[in-house]
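Colleague: Just dropping this structure here.
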Amino acid sequence: MQVLEGRPTPLGATWDGPGVNFALASERASAVELCVFDSATDASERARVALPGRTGDVFHGYVSGLGPGQLYGYRVHGAWDPPRGLRFNPAKVVLDPYARAIGRAPIWHPSLFGYAPGTEGDGPADVIDSAPYAPLGLVHDPAHAWAGDRSPRTPWADTLVYELHVKGFSALNPAVPAQLRGTFLGVSAPASIDHLRALGVTAVELLPIHAHADEWALARRGLTNYWGYNTLGYFAPDPRFASSPARAVAEFKEMVAQLHAANLEVILDVVYNHTAEGDHLGPTLSMRGIDNIAYYRLRADRPSRDEDFTGCGNTLDARRPIVRDLILDSLRCWAGDMHVDGFRFDLAPALARDPVTPDRLAMIFDAIAHDPLLRDRKLIVEPWDAAPGGYQLGNFPPAWHEWNDRHRNAARRFWRGEPGALPELATRLAGSQDLFGRPGRAPQNSINYVTSHDGFTLADLVAYNEKHNEANGEDNRDGESANLSWNCGVEGPTSDPGVAALRQRQQRNLLATLFVSLGVPMVSGGDELGRSQGGNNNAYCQDAPLSWTPWPSTPAQRDLLDFVRRLASVRASQPALRRTTFLDGRRDESTDVVWRRTDAQEMTGADWRDLERRTLGVELDGSLLVLFNGSDVDVGFRLPAAPRPWRMLIDTAAPAAPAASHSGDEVITRTSRSVAVLALDSP
């Protein structure tokens, strides 16, 4: 191997045919050695080469004779001084943060920890070589023929998001070829695409697919981080979803191309707030050993300890140029080279704390929203983190769309029968103008949902009052205790047909509420098939059928699937449900909303203040009528006078009933705990 000085850009390992350029950013390192491995099973590197060039904070070198498939890591030299935040340790092989592919995931072993055992992270450096166990990068061939691939660019008003886990989505689907189940290509298999399109889905939001590492604590319990919110590499697809590590990039791109051809967008759930290295007691896998101070937020009063705004041990320091560049370069890689259509930012306020309170106009969010390559992508945030002051729902700039947990909570409170829940429900149905009514924003800034990966599934939401997370090995201490759920009178599985029927109707009620709300609906994958996790509301470590999507095998599953398809069809056919401006309720010929009582009269202030009121009619644009009966008795609703009959589109109490027409001023009986959606017949 001939070693030349090379160049400082781009960061990472770049193959150009004759060889590979390596570039690594570290502000405080004194030297960087490239370690070349022949095999993922090697106990040590075949060669160790000092990178000869340094430009500013970037160490670089060009090595001829290397190419795609080459495994590599780094040994980074510098001071070991934990009280000052310095944790350089050349005995530890570290992963390139810009690695485009992962050739070996970390293999848990005590040598992965940079500090001497028993020293609480502050003592002398551990000198045991981690080479046999460290994660390794893989040089990849960037060439890929996209063959005219184009993003669907679906307007926000027409978007239906489907959140899914790459493995769990297809792992049990008998219609997907066995060798593809649980992989990127399983997501885009013909049977998978047929399912998504029949549901009316326009965008799949993939739980984290960046390369991740399982936590040491989980490994000791024989579990894995199934969800993947423990990122190791921000540029590399997780090899667990591919046929081999070397095929991960190509198969991800093939999945994207197939989904695009089916008019489906791809949104990635990205975790730029923390990494798999955890707190000061965590392992040295990558950035901690490259430059701990440059990459992580450390406590000002005790630099040996990490600031933790995430609840996961550490927080990336997006205030620093080296981290902002890392995030932006990663996003550009996925948007440009991998053709991804959007991103959902996990615990987004953690990126914007300056110094502690989240800043709505933080530089990182401005930079993303104004980047020429990123600004036309779908940008979604989880608008809270795990630290005080981190709840920032409604406070992001106009380009950002936000998960709206207040919509989720309002729907749950209403359908479990809480007093006084009606006004909040109405606000959420109307697009949450109280949160998103600032100039430049619209109802579509609200990503509405009733369930997500985090918490109860829809089936469990109506079957359990309490979480049941014993399988996670944490004595049921993990997971949220306040779920706003209602088990319909029996905890868990039941043979009572009355309870079972009520639970099925409650699932339909919650889904109907989601689909008739202004904003962008998001369905949690598997809810349309009645997926249950047995009451586990934190199944992040359950890579098993408990978490995987069951495919329709029972009449109840097939009925629910048909119902969700019909909901999506109704939403797509009704402009009133996809409006891009907020309701104003003006009393003239163009009135866009009337809130009605059961007698068809308009709601009064006294009606809204009635804590026991559980019925509501919502008339939109004079053409669509939604009737909510959240009470436990049947109720008669008088339909508003209209120039043409009202036609029943959705009835959660009788989902299979044929569409019926009703005249204006007719009183129709609405079953207890049910939703009806009616539209004026065509002229």
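Naming scheme: A, B, ... for chains in displayed order of the structure tokens; residues 1 onward per chain; ligands 1 onward as shown.
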Pick out the residues sitting within 10 Å of Pro321 (chain A), and hand them over as a PDB file with N, CA and C atoms, in the first residue's frame; count only C-alpha atoms, and ignore anything fewer than 4 positions along from it in its own chain.
Modeller:
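What follows is the written file out_10.pdb:
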ATOM      1  N   ALA A 294     -15.431  17.668  21.437  1.00  0.00           N
ATOM      2  CA  ALA A 294     -15.943  18.274  20.214  1.00  0.00           C
ATOM      3  C   ALA A 294     -17.323  17.746  19.846  1.00  0.00           C
ATOM      4  N   TYR A 295     -17.612  16.504  20.173  1.00  0.00           N
ATOM      5  CA  TYR A 295     -18.842  15.883  19.702  1.00  0.00           C
ATOM      6  C   TYR A 295     -19.973  15.884  20.726  1.00  0.00           C
ATOM      7  N   ASP A 317     -23.550  17.621  20.595  1.00  0.00           N
ATOM      8  CA  ASP A 317     -23.471  19.068  20.770  1.00  0.00           C
ATOM      9  C   ASP A 317     -23.624  19.772  19.425  1.00  0.00           C
ATOM     10  N   ASP A 325     -21.927  20.052  11.003  1.00  0.00           N
ATOM     11  CA  ASP A 325     -21.510  19.514   9.709  1.00  0.00           C
ATOM     12  C   ASP A 325     -21.853  18.031   9.606  1.00  0.00           C
ATOM     13  N   LEU A 326     -21.632  17.290  10.682  1.00  0.00           N
ATOM     14  CA  LEU A 326     -21.949  15.867  10.679  1.00  0.00           C
ATOM     15  C   LEU A 326     -23.430  15.646  10.378  1.00  0.00           C
ATOM     16  N   ILE A 327     -24.305  16.393  11.055  1.00  0.00           N
ATOM     17  CA  ILE A 327     -25.748  16.228  10.866  1.00  0.00           C
ATOM     18  C   ILE A 327     -26.156  16.626   9.451  1.00  0.00           C
ATOM     19  N   ILE A 364     -29.147  25.004  13.892  1.00  0.00           N
ATOM     20  CA  ILE A 364     -29.234  23.736  13.189  1.00  0.00           C
ATOM     21  C   ILE A 364     -30.549  23.622  12.426  1.00  0.00           C
TER      22      ILE A 364
END
Colleague: If we count only C-alpha atoms, what is near Gln258 (chain A) at a cut-off of 12 Å, once residues fewer than 2 positions away on the same chain are taken out, given as JSON, numbers by chain?
Modeller: {"A": [146, 147, 148, 149, 150, 151, 152, 184, 185, 186, 187, 188, 189, 190, 192, 193, 194, 251, 252, 253, 254, 255, 256, 260, 261, 262, 263, 264, 265, 266, 339]}
Colleague: Identify, on the basis of only C-alpha atoms, every residue whose closest approach to Asn469 (chain A) does not exceed 8 Å; exclude the query and any residue fewer than 3 positions from it along the same chain; express the result as a PyMOL selection string.
Modeller: chain A and resi 472-479+535-539
Colleague: Taking only C-alpha atoms into account, name the residue in A:Asp460, A:Glu27, A:Asp559, A:Asp126 that is nearest to Gly56 (chain A).
Modeller: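 Closest residue, counting only C-alpha atoms: A:Glu27.
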Colleague: Tell me, as a list in words, which residues lie within 10 Å of Val32 (chain A), counting only C-alpha atoms; anything in the same chain fewer than 6 positions away does not count.
Modeller: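 Final neighbour list, sorted by chain and number: Ala23, Leu24, Ala25, Ser26, Val49, Ala50, Leu51, Pro52, Gly53, Arg54, Val58, Phe59, His60, Gly61, Tyr74, Arg75, Val76, His77, Gly78, Pro90 and Ile290 of chain A.
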Colleague: If you count only C-alpha atoms, which residues fall within 7 Å of Gly69 (chain A), apart from same-chain ones fewer than 2 positions away, as a VMD selection string?
Modeller: chain A and resid 67 71 138 to 140 246
Colleague: Excluding same-chain residues fewer than 5 positions from Ala653 (chain A), what lies within 9 Å of it counting only C-alpha atoms, as a list in words?
Modeller: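 Those residues are Arg505, Arg508, Asn509, Arg670, Thr671, Ser672, Arg673, Ser674, Val675 and Ala676 of chain A.
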Colleague: Next, the residues of the selection above should be written as a JSON list (two decimals), in the first residue's frame with N, CA and C atoms.
Modeller:
[["chain", "number", "residue", "atom", "x", "y", "z"],
["A", 505, "ARG", "N", -65.10, -1.77, 18.26],
["A", 505, "ARG", "CA", -65.72, -0.49, 17.91],
["A", 505, "ARG", "C", -64.86, 0.68, 18.39],
["A", 508, "ARG", "N", -62.17, 1.32, 15.98],
["A", 508, "ARG", "CA", -62.70, 2.05, 14.81],
["A", 508, "ARG", "C", -62.97, 3.50, 15.15],
["A", 509, "ASN", "N", -63.45, 3.76, 16.37],
["A", 509, "ASN", "CA", -63.72, 5.15, 16.77],
["A", 509, "ASN", "C", -62.44, 5.98, 16.78],
["A", 670, "ARG", "N", -77.87, 6.99, 16.80],
["A", 670, "ARG", "CA", -76.45, 6.66, 16.81],
["A", 670, "ARG", "C", -76.14, 5.79, 18.01],
["A", 671, "THR", "N", -75.51, 4.65, 17.73],
["A", 671, "THR", "CA", -75.16, 3.69, 18.76],
["A", 671, "THR", "C", -74.19, 4.31, 19.76],
["A", 672, "SER", "N", -74.27, 3.85, 20.99],
["A", 672, "SER", "CA", -73.34, 4.33, 22.01],
["A", 672, "SER", "C", -71.90, 4.11, 21.54],
["A", 673, "ARG", "N", -71.07, 5.07, 21.88],
["A", 673, "ARG", "CA", -69.65, 5.05, 21.52],
["A", 673, "ARG", "C", -69.46, 4.70, 20.05],
["A", 674, "SER", "N", -69.80, 5.66, 19.20],
["A", 674, "SER", "CA", -69.67, 5.44, 17.76],
["A", 674, "SER", "C", -69.46, 6.75, 17.04],
["A", 675, "VAL", "N", -68.99, 6.65, 15.80],
["A", 675, "VAL", "CA", -68.78, 7.79, 14.91],
["A", 675, "VAL", "C", -69.49, 7.51, 13.60],
["A", 676, "ALA", "N", -70.12, 8.53, 13.05],
["A", 676, "ALA", "CA", -70.70, 8.43, 11.71],
["A", 676, "ALA", "C", -70.16, 9.58, 10.87]]
Colleague: Report the distance between CA of Arg566 (chain A) and CA of Thr427 (chain A) in Å, rounded to one decimal place.
Modeller: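 For CA of Arg566 (chain A) relative to CA of Thr427 (chain A), the distance reads 24.6 Å.
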Colleague: Tell me which of A:Cys312, A:Ala257, A:Leu510, A:Leu680 sits closest to Asp527 (chain A), counting only C-alpha atoms.
Modeller: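 Among the listed residues, A:Leu510 lies closest to Asp527 (chain A).
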Colleague: With DSSP run on the backbone, what are the helix (DSSP H, G or I) residues within region 385-486 of chain A? I'd like them as a ChimeraX atom specification.
Modeller: /A:405-415,422-429,433-436,443-445,458-461,470-472
Colleague: May I have a table of the residues of region 445-483 of chain A lying at most 12 Å from region 431-434 of chain A, giving each one's closest pair of atoms and their distance in Å to one decimal, counting only C-alpha atoms, ordered by chain and ascending residue number, as JSON lines?
Modeller:
{"residue": "A:Asn445", "atom": "CA", "partner": "A:Gly431", "partner_atom": "CA", "distance": 8.7}
{"residue": "A:Ser446", "atom": "CA", "partner": "A:Gly431", "partner_atom": "CA", "distance": 6.9}
{"residue": "A:Ile447", "atom": "CA", "partner": "A:Gly431", "partner_atom": "CA", "distance": 9.5}
{"residue": "A:Asn448", "atom": "CA", "partner": "A:Gly431", "partner_atom": "CA", "distance": 8.8}
